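K.L.:
Sharing data-v3.cif below, mmCIF, C-alpha atoms:
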```cif
data_work
loop_
_atom_site.label_atom_id
_atom_site.label_comp_id
_atom_site.auth_asym_id
_atom_site.auth_seq_id
_atom_site.Cartn_x
_atom_site.Cartn_y
_atom_site.Cartn_z
CA MET H 1 4.53 3.89 -23.38
CA ARG H 2 7.79 5.74 -22.86
CA LEU H 3 10.84 3.67 -23.68
CA GLN H 4 14.03 3.61 -21.60
CA PHE H 5 16.18 3.84 -24.74
CA VAL H 6 15.54 5.04 -28.29
CA GLU H 7 17.30 3.51 -31.29
CA ALA H 8 19.14 6.39 -32.96
CA GLY H 9 21.20 4.75 -35.68
CA GLU H 10 23.62 2.09 -36.83
CA ILE H 11 27.41 2.19 -36.72
CA VAL H 12 28.30 1.67 -40.36
CA ASN H 13 32.04 2.31 -40.37
CA VAL H 14 35.06 3.72 -38.58
CA HIS H 15 36.51 7.14 -39.35
CA GLY H 16 40.14 8.14 -39.01
CA LEU H 17 42.75 6.58 -36.78
CA LYS H 18 41.63 7.73 -33.33
CA GLY H 19 38.55 5.55 -32.86
CA GLU H 20 35.78 7.67 -34.33
CA ILE H 21 32.67 5.82 -35.51
CA LYS H 22 30.39 6.70 -38.41
CA VAL H 23 26.70 6.50 -37.48
CA LEU H 24 23.91 6.29 -40.04
CA PRO H 25 21.05 8.01 -38.20
CA TRP H 26 17.58 6.54 -37.84
CA VAL H 27 16.33 9.84 -36.42
CA ASP H 28 15.25 12.69 -38.71
CA SER H 29 18.77 13.97 -39.44
CA PRO H 30 22.39 13.54 -38.30
CA GLU H 31 22.17 16.99 -36.67
CA ASP H 32 19.74 15.50 -34.16
CA LEU H 33 22.60 13.45 -32.65
CA VAL H 34 25.14 16.21 -31.97
CA ASP H 35 23.79 17.49 -28.64
CA PHE H 36 23.87 14.24 -26.70
CA GLU H 37 26.50 13.53 -24.04
CA ARG H 38 25.99 9.78 -23.68
CA CYS H 39 24.71 6.72 -25.49
CA ARG H 40 24.46 2.96 -25.11
CA ILE H 41 25.91 0.44 -27.53
CA ALA H 42 25.65 -3.33 -27.04
CA ARG H 43 24.51 -2.95 -23.41
CA LYS H 44 27.45 -0.69 -22.53
CA ASP H 45 27.17 3.02 -21.72
CA TYR H 46 29.54 5.48 -23.38
CA GLU H 47 30.29 9.16 -22.89
CA ILE H 48 30.20 11.01 -26.21
CA GLU H 49 33.30 13.20 -26.36
CA LEU H 50 32.52 14.69 -29.76
CA CYS H 51 29.80 14.35 -32.38
CA ARG H 52 29.79 16.14 -35.72
CA VAL H 53 27.94 15.84 -39.01
CA GLN H 54 29.51 14.54 -42.20
CA LYS H 55 27.04 14.52 -45.10
CA THR H 56 24.22 12.13 -44.12
CA CYS H 57 26.04 10.57 -41.15
CA ALA H 58 27.25 11.56 -37.70
CA LEU H 59 30.85 11.03 -36.67
CA MET H 60 31.18 10.19 -32.97
CA LYS H 61 34.17 9.95 -30.70
CA LEU H 62 33.37 7.84 -27.64
CA LYS H 63 35.37 7.93 -24.43
CA GLY H 64 37.44 4.74 -24.17
CA ILE H 65 37.30 3.99 -27.90
CA ASP H 66 40.71 5.29 -28.98
CA THR H 67 41.87 3.07 -31.84
CA VAL H 68 40.60 1.89 -35.20
CA GLU H 69 40.51 -1.64 -33.79
CA ASP H 70 38.31 -0.58 -30.85
CA ALA H 71 35.95 1.26 -33.19
CA GLN H 72 35.83 -1.65 -35.65
CA LYS H 73 34.40 -3.91 -32.92
CA LEU H 74 31.33 -1.63 -32.77
CA ARG H 75 30.59 -1.78 -36.48
CA GLY H 76 27.06 -3.00 -37.23
CA LYS H 77 25.84 -2.23 -33.69
CA THR H 78 22.92 0.05 -32.85
CA VAL H 79 23.41 3.36 -31.04
CA LEU H 80 20.77 3.90 -28.35
CA LEU H 81 19.98 7.23 -26.72
CA PHE H 82 18.69 7.52 -23.17
CA ARG H 83 15.03 8.57 -23.38
CA GLU H 84 15.45 10.81 -20.33
CA ASP H 85 17.94 12.92 -22.33
CA ILE H 86 15.32 13.68 -24.99
CA ASP H 87 12.64 16.37 -24.74
CA ASP H 88 9.33 14.93 -23.48
CA GLU H 89 7.50 16.71 -26.33
CA VAL H 90 9.22 14.39 -28.82
CA ILE H 91 7.29 11.15 -29.36
CA PHE H 92 8.86 8.23 -31.21
CA ALA H 93 6.94 5.78 -33.37
CA ALA H 94 8.07 2.84 -31.23
CA GLU H 95 6.44 4.47 -28.19
CA LEU H 96 3.05 4.51 -29.94
CA ILE H 97 2.89 0.77 -30.65
CA ASN H 98 0.11 -0.86 -28.56
CA MET H 99 -1.35 2.54 -27.57
CA ASP H 100 -5.13 2.51 -27.09
CA VAL H 101 -6.98 4.61 -29.67
CA PHE H 102 -10.37 6.21 -28.96
CA CYS H 103 -12.91 7.98 -31.14
CA ASN H 104 -15.72 9.81 -29.29
CA ASP H 105 -14.65 8.05 -26.04
CA GLU H 106 -15.12 4.62 -27.64
CA LYS H 107 -12.05 2.42 -28.00
CA ILE H 108 -11.57 1.53 -31.66
CA GLY H 109 -8.34 -0.46 -31.28
CA ILE H 110 -4.60 -0.18 -30.72
CA ILE H 111 -1.80 1.18 -32.87
CA THR H 112 -0.03 -1.81 -34.41
CA GLU H 113 2.23 -0.02 -36.89
CA VAL H 114 3.45 3.43 -37.88
CA LEU H 115 3.99 3.89 -41.61
CA ASP H 116 6.32 6.67 -42.75
CA TYR H 117 5.39 8.55 -45.90
CA PRO H 118 6.95 11.73 -47.32
CA GLY H 119 4.02 13.96 -46.31
CA ASN H 120 3.32 12.48 -42.88
CA SER H 121 3.18 9.25 -40.94
CA VAL H 122 0.09 7.05 -40.86
CA TYR H 123 -1.03 5.07 -37.80
CA VAL H 124 -2.38 1.58 -38.45
CA VAL H 125 -5.06 0.89 -35.83
CA LYS H 126 -6.53 -2.56 -35.34
CA GLY H 127 -9.56 -3.51 -33.29
CA GLU H 128 -12.87 -4.97 -34.47
CA LYS H 129 -12.10 -3.03 -37.64
CA SER H 130 -8.84 -1.68 -39.05
CA TYR H 131 -8.10 1.98 -39.66
CA MET H 132 -5.35 4.01 -41.31
CA ILE H 133 -5.16 7.40 -39.62
CA PRO H 134 -2.86 10.16 -40.87
CA ALA H 135 -0.65 11.55 -38.09
CA VAL H 136 -1.78 15.16 -38.50
CA LYS H 137 -3.49 17.56 -36.08
CA ALA H 138 -6.76 17.37 -38.01
CA PHE H 139 -7.19 13.73 -36.94
CA ILE H 140 -5.07 13.35 -33.78
CA LEU H 141 -6.88 15.25 -31.04
CA ASN H 142 -4.79 14.18 -28.04
CA THR H 143 -1.90 11.87 -27.19
CA ASP H 144 -1.51 10.92 -23.52
CA MET H 145 1.74 8.98 -23.18
CA GLU H 146 1.30 8.30 -19.44
CA GLY H 147 -2.28 7.11 -19.91
CA ASN H 148 -1.38 5.13 -23.07
CA ARG H 149 -4.28 6.80 -24.90
CA MET H 150 -4.77 8.62 -28.19
CA ASP H 151 -7.99 10.39 -29.10
CA VAL H 152 -8.76 10.72 -32.81
CA THR H 153 -11.46 11.89 -35.15
CA LEU H 154 -12.35 9.70 -38.12
CA LEU H 155 -13.59 10.44 -41.61
CA GLU H 156 -15.33 8.11 -44.01
CA GLY H 157 -12.73 6.02 -45.83
CA MET H 158 -10.26 5.65 -42.96
CA GLU H 159 -11.81 2.33 -42.07
CA THR H 160 -9.92 -0.24 -44.17
CA ASP H 161 -12.60 -2.94 -43.79
CA ALA H 162 -15.26 -0.72 -45.41
CA ASP H 163 -17.22 -2.13 -48.37
#
```
Kindly transcribe the structure held in the file into structure tokens.

P.N.:
Amino acid sequence: MRLQFVEAGEIVNVHGLKGEIKVLPWVDSPEDLVDFERCRIARKDYEIELCRVQKTCALMKLKGIDTVEDAQKLRGKTVLLFREDIDDEVIFAAELINMDVFCNDEKIGIITEVLDYPGNSVYVVKGEKSYMIPAVKAFILNTDMEGNRMDVTLLEGMETDAD
């Protein structure tokens, strides 16, 4: 299911004297945040005037946040991006939760969790049995976001309830 907003990171500090905020990204890298023109923080929409990368964080200047005191009020809050501003090809883990999973046109369960590992993510699927399915093309045949359906192929050992 497509979300309206995607959590992109947490405001961890202020930067400078003109109201910039320091965002620790929850997306793949801070570079992924620089092309956006707007965001939502604490149920309020902001225009992003400037966003640049500093080491592992993104520094953002938001329209209307012009002082250290204004920026300090946002510390600890989550930066949300509008899903409609993100390429449809990009799928976020949160959008996969509760997706129906099928193997050979038989429903085997729903995705209950997405585990992130260095090599790839793993989808935890629960139904009558539980499965751990690596998120790679060899096992994920199709993902239909509008139909809330994922088609997979299984190998022996993916079933976690196996004897």

K.L.:
What's the 10 Å shell around Glu128 in chain H, counting all atoms listed in the file, without same-chain residues fewer than 3 positions away, as a list in words?

P.N.:
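The contact residues come out as Lys107, Ile108, Gly109, Val125, Tyr131 and Asp161 of chain H.
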
K.L.:
Measuring atom to atom with all atoms listed in the file, identify which of H:Glu106, H:Glu49, H:Asp151, H:Glu84 is nearest to Val34 in chain H.

P.N.:
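Closest to Val34 in chain H of all the choices is H:Glu49.
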
K.L.:
Would you pick out the contacts of Leu141 in chain H at 10 Å or less, using all atoms listed in the file, so that residues sharing its chain but fewer than 5 positions from it are not included, and give the list as a PyMOL selection string?

P.N.:
chain H and resi 102-103+136+150-153

K.L.:
Nearest to Ser121 in chain H among H:Ile133, H:Leu96, H:Ile65, H:Leu74, with distances taken over all atoms listed in the file: which residue is it?

P.N.:
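Among the listed residues, the smallest separation from Ser121 in chain H belongs to H:Ile133.
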
K.L.:
Ile97 in chain H: which residues within 10 Å, counting all atoms listed in the file, same-chain residues fewer than 2 positions away excluded, as a list in words?

P.N.:
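Result of the neighbour search: Met1, Phe92, Ala93, Ala94, Glu95, Met99, Asp100, Ile110, Ile111, Thr112, Glu113, Val114, Tyr123, Val124, Val125 and Asn148 of chain H.
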
K.L.:
How big is the axis-aligned box, and where does its centre sit, when it encloses all atoms of range 86-104 of chain H listed in the file and has 5 Å added on every side, reported in Å to one decimal as lines of an AutoDock Vina configuration file?

P.N.:
```
center_x = -0.2
center_y = 7.9
center_z = -28.4
size_x = 41.0
size_y = 27.6
size_z = 19.9
```

K.L.:
Taking all atoms listed in the file into account, which of H:Val122, H:Leu155, H:Leu81, H:Ile140 comes nearest Gly9 in chain H?

P.N.:
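Comparing H:Val122, H:Leu155, H:Leu81, H:Ile140 against Gly9 in chain H, the winner is H:Leu81.
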
K.L.:
How far is it from CA of Tyr46 in chain H to CA of Leu59 in chain H, in Å with one decimal?

P.N.:
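Here the two named atoms are 14.5 Å from each other.
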
K.L.:
Using only C-alpha atoms, find the one residue out of H:Val27, H:Val14, H:Ile91, H:Ala135 that sits nearest to Leu62 in chain H.

P.N.:
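Closest to Leu62 in chain H, using only C-alpha atoms: H:Val14.
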